[in-house]
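Listing of work_18.txt; format and content: compact mmCIF, C-alpha atoms.
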```
# COMPACT_ATOMS: atom_id res chain seq x y z
CA MET A 24 -6.34 -53.97 18.38
CA VAL A 25 -8.27 -50.80 19.28
CA LEU A 26 -11.52 -52.24 17.90
CA LYS A 27 -10.97 -55.43 19.86
CA ASN A 28 -10.42 -53.45 23.05
CA LEU A 29 -13.59 -51.43 22.45
CA LEU A 30 -15.58 -54.65 22.29
CA GLN A 31 -14.58 -55.77 25.78
CA PRO A 32 -17.82 -56.30 27.76
CA GLU A 33 -16.92 -53.82 30.52
CA ILE A 34 -16.05 -51.11 27.97
CA GLN A 35 -19.23 -51.73 26.00
CA ASP A 36 -21.21 -51.48 29.23
CA PHE A 37 -19.46 -48.18 30.00
CA ILE A 38 -20.20 -46.75 26.52
CA PHE A 39 -23.83 -47.82 26.73
CA GLU A 40 -24.33 -46.42 30.23
CA HIS A 41 -22.61 -43.10 29.42
CA GLN A 42 -23.87 -42.58 25.87
CA ASN A 43 -25.70 -39.40 26.85
CA ASP A 44 -22.79 -37.89 28.81
CA ASN A 45 -20.49 -35.14 27.60
CA PRO A 46 -17.49 -36.84 25.88
CA THR A 47 -15.16 -34.00 26.93
CA ASP A 48 -16.08 -34.47 30.59
CA LEU A 49 -15.40 -38.19 30.27
CA MET A 50 -11.95 -37.47 28.82
CA LEU A 51 -11.16 -35.37 31.88
CA GLN A 52 -11.84 -38.44 34.00
CA SER A 53 -9.59 -40.70 31.93
CA SER A 54 -7.11 -41.06 34.81
CA LYS A 55 -9.72 -43.25 36.54
CA TYR A 56 -9.39 -45.76 33.70
CA PRO A 57 -5.64 -45.92 32.98
CA ASN A 58 -5.85 -49.09 30.90
CA TRP A 59 -8.78 -48.07 28.74
CA PRO A 60 -8.58 -46.32 25.32
CA MET A 61 -10.57 -43.33 26.58
CA ARG A 62 -10.05 -41.23 23.45
CA GLU A 63 -11.66 -43.95 21.34
CA ILE A 64 -14.37 -44.51 23.95
CA ALA A 65 -15.23 -40.81 23.93
CA ALA A 66 -15.34 -40.95 20.11
CA GLN A 67 -17.82 -43.84 20.29
CA ILE A 68 -20.05 -41.86 22.65
CA GLN A 69 -19.83 -38.79 20.44
CA ALA A 70 -20.76 -40.89 17.40
CA ARG A 71 -23.77 -42.37 19.21
CA GLN A 72 -25.01 -38.90 20.08
CA LYS A 73 -24.73 -37.85 16.43
CA ALA A 74 -26.52 -41.02 15.36
CA LYS A 75 -29.39 -40.81 17.85
CA ASN A 76 -31.91 -39.12 15.56
CA LYS A 77 -30.25 -40.06 12.27
CA LEU A 78 -29.67 -43.81 12.15
CA PRO A 79 -31.89 -46.87 12.68
CA SER A 80 -32.16 -48.12 16.24
CA GLU A 81 -30.06 -51.18 15.33
CA PHE A 82 -27.01 -48.90 15.12
CA LEU A 83 -27.50 -47.76 18.73
CA GLN A 84 -27.48 -51.23 20.26
CA LYS A 85 -24.71 -52.40 22.54
CA ASN A 86 -21.65 -53.86 20.78
CA ILE A 87 -22.13 -51.67 17.69
CA LEU A 88 -19.14 -49.53 16.65
CA LEU A 89 -19.38 -46.11 14.99
CA LYS A 90 -17.12 -43.26 13.84
CA PRO A 91 -18.15 -39.61 14.44
CA LEU A 92 -17.08 -38.35 10.99
CA SER A 93 -18.70 -41.31 9.23
CA VAL A 94 -21.97 -40.71 11.11
CA GLU A 95 -21.84 -37.06 10.08
CA GLN A 96 -21.25 -37.90 6.41
CA CYS A 97 -23.55 -40.91 5.98
CA SER A 98 -27.12 -40.96 4.74
CA SER A 99 -29.91 -40.58 7.28
CA GLN A 100 -32.31 -43.48 7.73
CA GLU A 101 -35.02 -41.47 5.94
CA THR A 102 -32.97 -40.75 2.82
CA ALA A 103 -31.43 -44.25 2.77
CA SER A 104 -34.85 -45.87 3.01
CA TYR A 105 -36.21 -43.66 0.23
CA LYS A 106 -33.38 -44.37 -2.23
CA SER A 107 -33.60 -48.14 -1.65
CA LYS A 108 -37.01 -48.03 -3.36
CA LEU A 109 -35.81 -46.16 -6.45
CA ILE A 110 -34.05 -49.08 -8.12
CA ALA A 111 -34.75 -52.77 -8.50
CA GLY A 112 -32.99 -56.05 -9.18
CA LYS A 113 -31.49 -59.05 -7.43
CA THR A 114 -27.89 -57.91 -6.91
CA LEU A 115 -26.56 -54.51 -5.84
CA LEU A 116 -22.90 -53.51 -5.64
CA ASP A 117 -22.13 -50.71 -3.19
CA LEU A 118 -18.65 -49.61 -4.23
CA THR A 119 -18.21 -47.00 -1.48
CA GLY A 120 -19.92 -48.57 1.52
CA GLY A 121 -18.87 -46.15 4.27
CA LEU A 122 -20.73 -46.71 7.52
CA GLY A 123 -23.13 -49.08 5.74
CA ILE A 124 -26.40 -47.18 6.24
CA ASP A 125 -27.38 -47.28 2.57
CA THR A 126 -26.26 -50.91 2.42
CA PHE A 127 -28.49 -51.65 5.43
CA PHE A 128 -31.61 -50.52 3.54
CA PHE A 129 -30.53 -51.96 0.17
CA ALA A 130 -30.18 -55.33 1.90
CA GLN A 131 -33.90 -55.23 2.73
CA VAL A 132 -34.96 -55.10 -0.93
CA PHE A 133 -32.16 -56.91 -2.82
CA GLU A 134 -31.38 -60.61 -2.60
CA LYS A 135 -27.63 -59.94 -2.54
CA VAL A 136 -25.70 -56.79 -1.65
CA ILE A 137 -21.94 -56.44 -2.01
CA TYR A 138 -20.43 -53.93 0.40
CA ASN A 139 -17.01 -52.47 -0.39
CA GLU A 140 -14.94 -50.04 1.68
CA ILE A 141 -11.27 -49.21 1.20
CA GLN A 142 -10.63 -47.85 4.73
CA GLU A 143 -9.55 -50.81 6.85
CA GLU A 144 -10.81 -49.61 10.25
CA LEU A 145 -14.19 -48.58 8.89
CA PHE A 146 -14.46 -51.84 6.94
CA GLU A 147 -13.80 -53.86 10.10
CA MET A 148 -16.32 -51.82 12.09
CA VAL A 149 -19.10 -52.30 9.55
CA ARG A 150 -18.42 -56.01 9.05
CA HIS A 151 -18.57 -56.48 12.82
CA ASN A 152 -21.83 -54.50 13.03
CA TYR A 153 -23.51 -56.55 10.31
CA ARG A 154 -22.53 -59.78 12.02
CA SER A 155 -24.17 -58.39 15.17
CA PHE A 156 -27.30 -57.53 13.18
CA GLY A 157 -27.48 -61.08 11.81
CA ILE A 158 -27.80 -59.82 8.23
CA GLU A 159 -26.70 -62.64 5.95
CA ASN A 160 -27.23 -61.34 2.40
CA VAL A 161 -24.41 -58.74 2.51
CA PHE A 162 -20.93 -59.77 1.35
CA PHE A 163 -17.84 -57.74 2.26
CA PHE A 164 -14.82 -56.59 0.27
CA GLN A 165 -12.02 -54.23 1.21
CA LYS A 166 -10.65 -52.89 -2.08
CA SER A 167 -10.53 -49.69 -4.05
CA ALA A 168 -13.76 -49.06 -5.95
CA GLU A 169 -11.85 -49.23 -9.23
CA ASP A 170 -10.24 -52.59 -8.45
CA LEU A 171 -13.46 -54.26 -7.31
CA LEU A 172 -15.31 -52.92 -10.34
CA LYS A 173 -12.74 -54.49 -12.68
CA GLU A 174 -13.19 -57.83 -10.92
CA THR A 175 -16.99 -57.70 -11.01
CA ASP A 176 -18.79 -59.64 -13.73
CA TRP A 177 -22.24 -58.09 -13.39
CA ALA A 178 -24.63 -56.39 -10.94
CA ASP A 179 -28.20 -55.31 -11.50
CA VAL A 180 -27.44 -51.99 -9.78
CA ILE A 181 -24.18 -50.27 -8.89
CA TYR A 182 -24.28 -47.61 -6.18
CA LEU A 183 -21.57 -45.05 -5.46
CA ASP A 184 -21.25 -42.32 -2.87
CA PRO A 185 -17.89 -40.72 -3.78
CA ALA A 186 -15.86 -39.17 -0.96
CA ARG A 187 -16.23 -35.40 -0.98
CA ARG A 188 -13.04 -34.39 0.80
CA ASP A 189 -9.67 -33.73 -0.81
CA GLU A 190 -6.23 -34.76 0.47
CA GLN A 191 -6.25 -31.82 2.91
CA ALA A 192 -9.68 -32.96 4.25
CA ARG A 193 -11.38 -29.93 2.69
CA LYS A 194 -14.93 -30.38 1.41
CA VAL A 195 -15.31 -30.64 -2.38
CA PHE A 196 -18.36 -31.18 -4.54
CA GLN A 197 -17.36 -31.05 -8.21
CA LEU A 198 -17.48 -34.47 -9.85
CA ARG A 199 -13.85 -34.30 -10.97
CA ASP A 200 -12.70 -33.60 -7.39
CA CYS A 201 -14.53 -36.46 -5.67
CA SER A 202 -13.01 -39.88 -5.06
CA PRO A 203 -13.47 -42.07 -6.98
CA ASN A 204 -13.86 -39.95 -10.12
CA VAL A 205 -17.20 -41.22 -11.41
CA LEU A 206 -16.81 -39.37 -14.71
CA GLU A 207 -13.71 -41.41 -15.54
CA MET A 208 -15.30 -44.63 -14.27
CA THR A 209 -18.62 -44.29 -16.13
CA PRO A 210 -17.72 -46.30 -19.28
CA LEU A 211 -16.62 -49.27 -17.14
CA LEU A 212 -19.61 -48.88 -14.83
CA LEU A 213 -21.99 -49.19 -17.77
CA GLN A 214 -20.23 -52.35 -18.90
CA LYS A 215 -20.98 -53.93 -15.52
CA SER A 216 -24.59 -52.78 -14.98
CA THR A 217 -27.53 -51.10 -16.68
CA GLN A 218 -28.38 -49.01 -13.58
CA ILE A 219 -25.86 -46.71 -11.89
CA LEU A 220 -27.12 -44.73 -8.90
CA LEU A 221 -24.84 -41.93 -7.68
CA LYS A 222 -25.18 -40.01 -4.44
CA LEU A 223 -23.71 -36.55 -5.01
CA SER A 224 -23.24 -33.34 -3.07
CA PRO A 225 -26.23 -30.99 -2.67
CA MET A 226 -23.79 -28.23 -3.66
CA LEU A 227 -23.37 -29.63 -7.18
CA ASP A 228 -25.02 -27.64 -9.97
CA ILE A 229 -27.51 -30.07 -11.51
CA ALA A 230 -27.31 -28.75 -15.06
CA GLN A 231 -23.51 -28.78 -14.96
CA GLY A 232 -23.54 -32.33 -13.61
CA ILE A 233 -25.82 -33.54 -16.41
CA GLN A 234 -23.66 -31.75 -18.97
CA ALA A 235 -20.46 -33.30 -17.56
CA PHE A 236 -21.85 -36.79 -18.15
CA HIS A 237 -23.17 -35.77 -21.57
CA GLN A 238 -19.64 -34.79 -22.58
CA LYS A 239 -18.65 -38.38 -21.77
CA ASN A 240 -21.47 -39.61 -24.07
CA VAL A 241 -23.41 -40.77 -21.03
CA GLN A 242 -27.06 -39.96 -20.41
CA VAL A 243 -28.53 -39.13 -17.03
CA GLN A 244 -32.02 -40.63 -16.86
CA LYS A 245 -33.23 -39.12 -13.58
CA VAL A 246 -32.08 -36.69 -10.92
CA TRP A 247 -33.62 -36.64 -7.45
CA VAL A 248 -33.16 -33.60 -5.24
CA LEU A 249 -33.62 -35.13 -1.82
CA ALA A 250 -34.62 -32.83 1.07
CA LEU A 251 -35.38 -33.85 4.64
CA HIS A 252 -37.65 -31.47 6.58
CA ASN A 253 -37.03 -28.71 3.98
CA GLU A 254 -33.23 -29.12 4.02
CA VAL A 255 -31.56 -30.50 0.90
CA LYS A 256 -29.38 -33.44 1.91
CA GLU A 257 -28.22 -35.05 -1.32
CA LEU A 258 -28.57 -35.34 -5.08
CA LEU A 259 -29.13 -38.70 -6.72
CA PHE A 260 -28.21 -39.23 -10.37
CA LEU A 261 -29.48 -42.35 -12.16
CA ILE A 262 -27.35 -43.27 -15.16
CA CYS A 263 -28.42 -46.10 -17.42
CA THR A 264 -28.09 -47.43 -20.96
CA LYS A 265 -31.66 -46.52 -21.89
CA LYS A 266 -31.90 -43.79 -24.54
CA ILE A 267 -34.03 -40.80 -23.51
CA LYS A 268 -34.74 -37.35 -24.91
CA GLU A 269 -34.09 -35.52 -21.64
CA PRO A 270 -33.68 -36.40 -17.96
CA GLU A 271 -36.49 -36.17 -15.44
CA ILE A 272 -35.80 -34.08 -12.36
CA ILE A 273 -37.72 -34.88 -9.18
CA ALA A 274 -37.76 -32.53 -6.20
CA VAL A 275 -38.46 -34.61 -3.06
CA ASN A 276 -39.17 -33.54 0.50
CA LEU A 277 -39.31 -36.16 3.24
CA GLU A 278 -41.29 -35.60 6.41
CA LYS A 279 -41.97 -37.97 9.28
CA ASN A 280 -45.08 -39.57 7.80
CA GLN A 281 -45.19 -38.04 4.34
CA THR A 282 -43.19 -37.86 1.12
CA ASN A 283 -43.72 -34.96 -1.26
CA ASP A 284 -42.38 -35.16 -4.81
CA PHE A 285 -42.49 -32.79 -7.76
CA PRO A 286 -41.26 -34.28 -11.07
CA TYR A 287 -40.64 -32.20 -14.18
CA LYS A 288 -38.60 -32.09 -17.39
CA PRO A 289 -36.17 -29.25 -18.17
CA SER A 290 -38.13 -28.46 -21.34
CA GLU A 291 -41.25 -27.85 -19.22
CA GLU A 292 -39.35 -25.30 -17.15
CA GLU A 293 -37.96 -23.64 -20.26
CA ASN A 294 -41.33 -23.38 -22.02
CA ALA A 295 -43.52 -22.42 -19.05
CA GLU A 296 -45.15 -18.99 -19.40
CA ILE A 297 -46.14 -17.45 -16.11
CA PRO A 298 -47.64 -14.13 -15.00
CA TYR A 299 -45.94 -11.53 -12.80
CA ARG A 300 -47.42 -8.85 -10.57
CA LEU A 301 -46.66 -6.56 -7.64
CA PRO A 302 -47.25 -7.77 -4.06
CA GLU A 303 -50.21 -6.39 -2.15
CA THR A 304 -51.39 -6.39 1.44
CA ASP A 305 -53.35 -9.57 2.30
CA ASP A 306 -51.71 -11.57 -0.50
CA LEU A 307 -50.38 -14.98 0.38
CA LEU A 308 -46.64 -15.24 -0.16
CA ILE A 309 -45.27 -18.69 -1.05
CA GLU A 310 -41.65 -19.59 -0.40
CA PRO A 311 -41.10 -22.96 -2.15
CA ASN A 312 -39.61 -25.95 -0.44
CA ARG A 313 -35.83 -25.95 -0.81
CA ALA A 314 -35.96 -29.09 -2.93
CA ILE A 315 -37.93 -27.09 -5.51
CA MET A 316 -35.38 -24.29 -5.38
CA LYS A 317 -32.40 -26.63 -5.79
CA ALA A 318 -34.13 -28.49 -8.61
CA GLY A 319 -34.52 -25.22 -10.50
CA ALA A 320 -38.29 -25.66 -10.91
CA PHE A 321 -38.90 -21.91 -10.71
CA LYS A 322 -41.41 -21.35 -13.51
CA ILE A 323 -43.04 -24.77 -13.59
CA PHE A 324 -43.82 -24.48 -9.86
CA ALA A 325 -45.79 -21.29 -10.56
CA ASP A 326 -47.43 -22.79 -13.64
CA ARG A 327 -48.74 -25.92 -11.92
CA TYR A 328 -50.15 -24.07 -8.93
CA ASP A 329 -51.47 -21.04 -10.81
CA LEU A 330 -49.23 -18.60 -8.93
CA TYR A 331 -47.85 -15.17 -9.76
CA LYS A 332 -44.14 -14.47 -9.56
CA LEU A 333 -42.72 -11.23 -8.16
CA HIS A 334 -39.67 -11.09 -10.42
CA PRO A 335 -37.84 -13.56 -12.71
CA ASN A 336 -35.00 -13.83 -10.18
CA SER A 337 -36.83 -13.50 -6.86
CA HIS A 338 -38.39 -17.00 -6.69
CA LEU A 339 -41.15 -15.84 -4.40
CA TYR A 340 -44.77 -16.38 -5.40
CA LEU A 341 -48.11 -14.68 -4.83
CA THR A 342 -51.65 -15.97 -4.67
CA ASN A 343 -54.92 -15.30 -2.87
CA LEU A 344 -56.65 -17.38 -0.25
CA GLU A 345 -59.25 -18.83 -2.62
CA ASN A 346 -56.73 -20.03 -5.18
CA PHE A 347 -54.40 -21.37 -2.50
CA ALA A 348 -57.17 -23.45 -0.96
CA LYS A 349 -58.19 -24.71 -4.41
CA GLN A 350 -54.65 -25.70 -5.34
CA LEU A 351 -54.04 -27.29 -1.95
CA LYS A 352 -57.12 -29.44 -2.43
CA SER A 353 -55.83 -30.85 -5.73
CA ASP A 354 -52.13 -30.99 -4.79
CA PHE A 355 -51.39 -34.68 -5.15
CA SER A 356 -47.62 -34.12 -4.92
CA GLY A 357 -47.95 -32.28 -1.60
CA MET A 358 -45.14 -29.92 -2.57
CA LEU A 359 -47.31 -26.83 -2.13
CA GLN A 360 -48.11 -28.00 1.39
CA ALA A 361 -44.37 -28.60 1.95
CA SER A 362 -43.63 -24.95 1.13
CA ARG A 363 -43.75 -22.07 3.59
CA VAL A 364 -46.82 -19.83 3.37
CA PHE A 365 -47.14 -16.28 4.72
CA LYS A 366 -49.76 -13.57 4.76
CA ILE A 367 -48.43 -10.19 3.66
CA GLN A 368 -49.36 -7.57 6.24
CA ALA A 369 -47.55 -4.69 4.60
CA VAL A 370 -45.45 -3.82 1.57
CA SER A 371 -42.84 -1.37 2.81
CA LYS A 372 -40.03 0.67 1.36
CA TYR A 373 -36.56 -0.15 2.62
CA HIS A 374 -36.73 2.50 5.35
CA LYS A 375 -35.98 1.86 9.01
CA LYS A 376 -38.75 4.00 10.52
CA GLU A 377 -41.41 2.68 8.17
CA ILE A 378 -40.54 -0.95 8.87
CA GLN A 379 -40.10 -0.52 12.62
CA ALA A 380 -43.64 0.85 12.79
CA TYR A 381 -44.82 -2.71 12.07
CA LEU A 382 -42.42 -4.23 14.62
CA PRO A 383 -42.99 -2.77 18.09
CA GLN A 384 -40.63 -5.35 19.63
CA LYS A 385 -37.97 -4.56 17.00
CA LYS A 386 -37.57 -8.26 16.25
CA ALA A 387 -38.04 -10.17 13.01
CA ASN A 388 -36.90 -13.16 10.98
CA ILE A 389 -35.32 -11.88 7.77
CA THR A 390 -34.91 -13.52 4.36
CA ALA A 391 -33.29 -11.87 1.34
CA ARG A 392 -34.31 -12.98 -2.17
CA ASN A 393 -32.91 -11.12 -5.17
CA PHE A 394 -31.77 -8.27 -2.96
CA PRO A 395 -28.43 -6.40 -3.15
CA GLU A 396 -27.68 -6.60 0.58
CA SER A 397 -27.12 -9.54 2.94
CA VAL A 398 -29.43 -10.47 5.80
CA ALA A 399 -26.78 -9.34 8.30
CA HIS A 400 -26.53 -5.92 6.63
CA ILE A 401 -30.32 -5.54 6.49
CA ARG A 402 -30.62 -6.40 10.16
CA ARG A 403 -27.99 -3.80 11.12
CA LYS A 404 -29.54 -1.11 8.93
CA LEU A 405 -33.05 -1.71 10.28
CA GLU A 406 -31.75 -2.15 13.85
CA LEU A 407 -33.70 -5.34 14.42
CA LYS A 408 -33.02 -8.33 16.63
CA GLU A 409 -33.51 -11.86 15.37
CA GLY A 410 -36.68 -13.78 16.22
CA GLY A 411 -40.27 -12.93 16.98
CA SER A 412 -43.43 -13.79 15.07
CA LYS A 413 -42.87 -11.46 12.11
CA TYR A 414 -41.03 -12.39 8.92
CA LEU A 415 -39.45 -9.87 6.59
CA PHE A 416 -38.74 -10.71 2.95
CA ALA A 417 -36.32 -8.30 1.34
CA THR A 418 -36.74 -8.57 -2.41
CA THR A 419 -36.97 -6.77 -5.75
CA THR A 420 -40.24 -6.21 -7.58
CA LEU A 421 -40.89 -6.43 -11.31
CA GLU A 422 -40.49 -2.63 -11.42
CA ARG A 423 -36.98 -3.08 -9.94
CA ASN A 424 -37.93 -1.45 -6.66
CA LEU A 425 -36.44 -2.71 -3.41
CA VAL A 426 -39.20 -3.62 -0.96
CA ILE A 427 -39.62 -5.29 2.41
CA LEU A 428 -42.63 -7.59 2.73
CA VAL A 429 -43.81 -7.73 6.33
CA CYS A 430 -45.42 -11.14 6.86
CA GLU A 431 -46.79 -13.60 9.34
CA PRO A 432 -46.57 -17.37 8.72
CA ILE A 433 -49.73 -19.40 8.31
CA SER A 434 -49.73 -23.19 8.48
CA ASN A 435 -53.42 -23.89 7.96
CA PRO A 436 -55.16 -21.00 6.21
CA PRO A 437 -58.95 -20.96 6.39
CA ASN A 438 -60.49 -22.98 3.57
CA PRO A 439 -63.19 -20.94 1.82
CA ASN A 440 -66.15 -22.72 0.25
CA ILE A 441 -65.08 -23.89 -3.19
CA ASN A 442 -67.53 -25.42 -5.58
```
Please express the file's structure as structure tokens.
Amino acid sequence: MVLKNLLQPEIQDFIFEHQNDNPTDLMLQSSKYPNWPMREIAAQIQARQKAKNKLPSEFLQKNILLKPLSVEQCSSQETASYKSKLIAGKTLLDLTGGLGIDTFFFAQVFEKVIYNEIQEELFEMVRHNYRSFGIENVFFFQKSAEDLLKETDWADVIYLDPARRDEQARKVFQLRDCSPNVLEMTPLLLQKSTQILLKLSPMLDIAQGIQAFHQKNVQVQKVWVLALHNEVKELLFLICTKKIKEPEIIAVNLEKNQTNDFPYKPSEEENAEIPYRLPETDDLLIEPNRAIMKAGAFKIFADRYDLYKLHPNSHLYLTNLENFAKQLKSDFSGMLQASRVFKIQAVSKYHKKEIQAYLPQKKANITARNFPESVAHIRRKLELKEGGSKYLFATTTLERNLVILVCEPISNPPNPNIN
């Protein structure tokens, strides 16, 4: 009944006209609209504001219904579009459809997509939205993922995004704690399809996740670490019946008009031999894109770009201008360009007076890497405010000395002549 009321033309006009207003202020005016479900109307407006820069424009049209929590938890249009190109076939089964963003992009590349969602209200919302979109190759089911899977004969691809909240609505990320439990479902999943794509929490330890499936005699073929604008959003595990020696791990960073990817095998990381050295003034300091960090490509990143590492556990890298320009020129993956680059202006001891000499405004952006104290503690000890143009990296050198690297960011370093 609530959904039906929300679709009344006058209420839809109100939502559309007030979609940029403060939902709390609108609730305070609810006495003006005694017969309207103002709490639900305010929730629709809040959801639209969350969706504005996250979802395709189709989801912001009039007569489209959204839920704030579902918007917060769903894939962004960038990540959904990217993952739709990772798998292929005619039929895809989305067992945990949610708000239908992934389904929306899967429907553009598959002939038939089956959407399933166990929550009745969300199911009704999404089915209504898709009818408004005029999308005809998506078919809707409201069942548990387990029940629909048992009834399914075959799908070229099965996609799952398990719920990552427990019965008390607390966030969880371990495979065994998510719903449905994909570890327990895997044998049946592989009877119904040769390609299983799982969207998992960015908090999950990749090696532990691979090992958990291995203990079920299931191989993970690929793992994508998917970052958007240098923020890791999700992990994607591809499970299939194909026999492989080891999985491929791909660190991905999505930007507005560019996709950077860095594939590697765990054995490459294990066998990479890289040099270490102490930081010096005028060095370039490389802080890898967070997709690289989450993927665990610590040594192979240095090996491919001919970089020095400060310490085995620091995950900060050194190079000079000439080598950086050379590597940038041949960087087909773009992951070096997607990393943050700084010029070291000073290598300081962890002393307040020494560091403040480089910071006349007593302001800096602070990062701690392999350092025994937190950023908050460092800031208090050095008596520095947040912000400014300077960046401090608190880290440990190969000689186990605590140092502060005083840096300035550079986005486009001068390109020296390279033959």
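We find atom CA of Ala325 of chain A and atom CA of Thr102 of chain A to be spaced 26.9 Å apart.
Closest approach to Ile315 of chain A from the set A:Tyr381, A:Phe163, A:Phe347, A:Trp247 is made by A:Trp247, with distances taken over all atoms listed in the file.
Protein, DNA and RNA residues at most 12 Å from (-28.7, -46.7, -20.9), with all atoms listed in the file, are these: Thr209, Pro210, Leu212, Leu213, Gln214, Lys215, Ser216, Thr217, Gln218, Ile219, Asn240, Val241, Gln242, Val243, Gln244, Lys245, Leu261, Ile262, Cys263, Thr264, Lys265, Lys266, Ile267, Lys268 and Pro270 of chain A.
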Each segment 333-427 of chain A residue no farther than 6 Å from segment 294-312 of chain A, nearest pair in Å, only C-alpha atoms, as JSON lines:
```
{"residue": "A:Leu333", "atom": "CA", "partner": "A:Tyr299", "partner_atom": "CA", "distance": 5.7}
{"residue": "A:Leu339", "atom": "CA", "partner": "A:Glu310", "partner_atom": "CA", "distance": 5.5}
{"residue": "A:Tyr340", "atom": "CA", "partner": "A:Ile309", "partner_atom": "CA", "distance": 5.0}
{"residue": "A:Leu341", "atom": "CA", "partner": "A:Leu308", "partner_atom": "CA", "distance": 4.9}
{"residue": "A:Thr342", "atom": "CA", "partner": "A:Leu307", "partner_atom": "CA", "distance": 5.3}
{"residue": "A:Asn343", "atom": "CA", "partner": "A:Asp306", "partner_atom": "CA", "distance": 5.5}
{"residue": "A:Ala361", "atom": "CA", "partner": "A:Asn312", "partner_atom": "CA", "distance": 5.9}
{"residue": "A:Ser362", "atom": "CA", "partner": "A:Asn312", "partner_atom": "CA", "distance": 4.4}
{"residue": "A:Arg363", "atom": "CA", "partner": "A:Glu310", "partner_atom": "CA", "distance": 5.1}
{"residue": "A:Val364", "atom": "CA", "partner": "A:Ile309", "partner_atom": "CA", "distance": 4.8}
{"residue": "A:Phe365", "atom": "CA", "partner": "A:Leu308", "partner_atom": "CA", "distance": 5.0}
{"residue": "A:Lys366", "atom": "CA", "partner": "A:Leu307", "partner_atom": "CA", "distance": 4.6}
{"residue": "A:Ile367", "atom": "CA", "partner": "A:Asp305", "partner_atom": "CA", "distance": 5.1}
{"residue": "A:Gln368", "atom": "CA", "partner": "A:Thr304", "partner_atom": "CA", "distance": 5.3}
{"residue": "A:Ala369", "atom": "CA", "partner": "A:Thr304", "partner_atom": "CA", "distance": 5.3}
```
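The residue that comes closest to Ser202 of chain A, out of A:Leu116, A:Leu258, A:Ala168, A:Leu251 and on the basis of only C-alpha atoms, is A:Ala168.
With atom CA of Leu220 of chain A on one side and atom CA of Leu359 of chain A on the other, the separation reads 27.8 Å.
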Check your understanding: Which polymer residues have any atom within 10 Å of an atom of Leu425 of chain A, counting all atoms listed in the file, with same-chain residues fewer than 6 positions away left out, as an NGL selection string?
Key -> :A and (371-373 or 393-395 or 417-419)
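Computed from the coordinates, the atom CA of Asn336 of chain A to atom CA of Gln360 of chain A distance equals 22.5 Å.
Closest approach to Pro60 of chain A from the set A:Ser155, A:Lys166, A:Lys317, A:Lys27 is made by A:Lys27, with distances taken over all atoms listed in the file.
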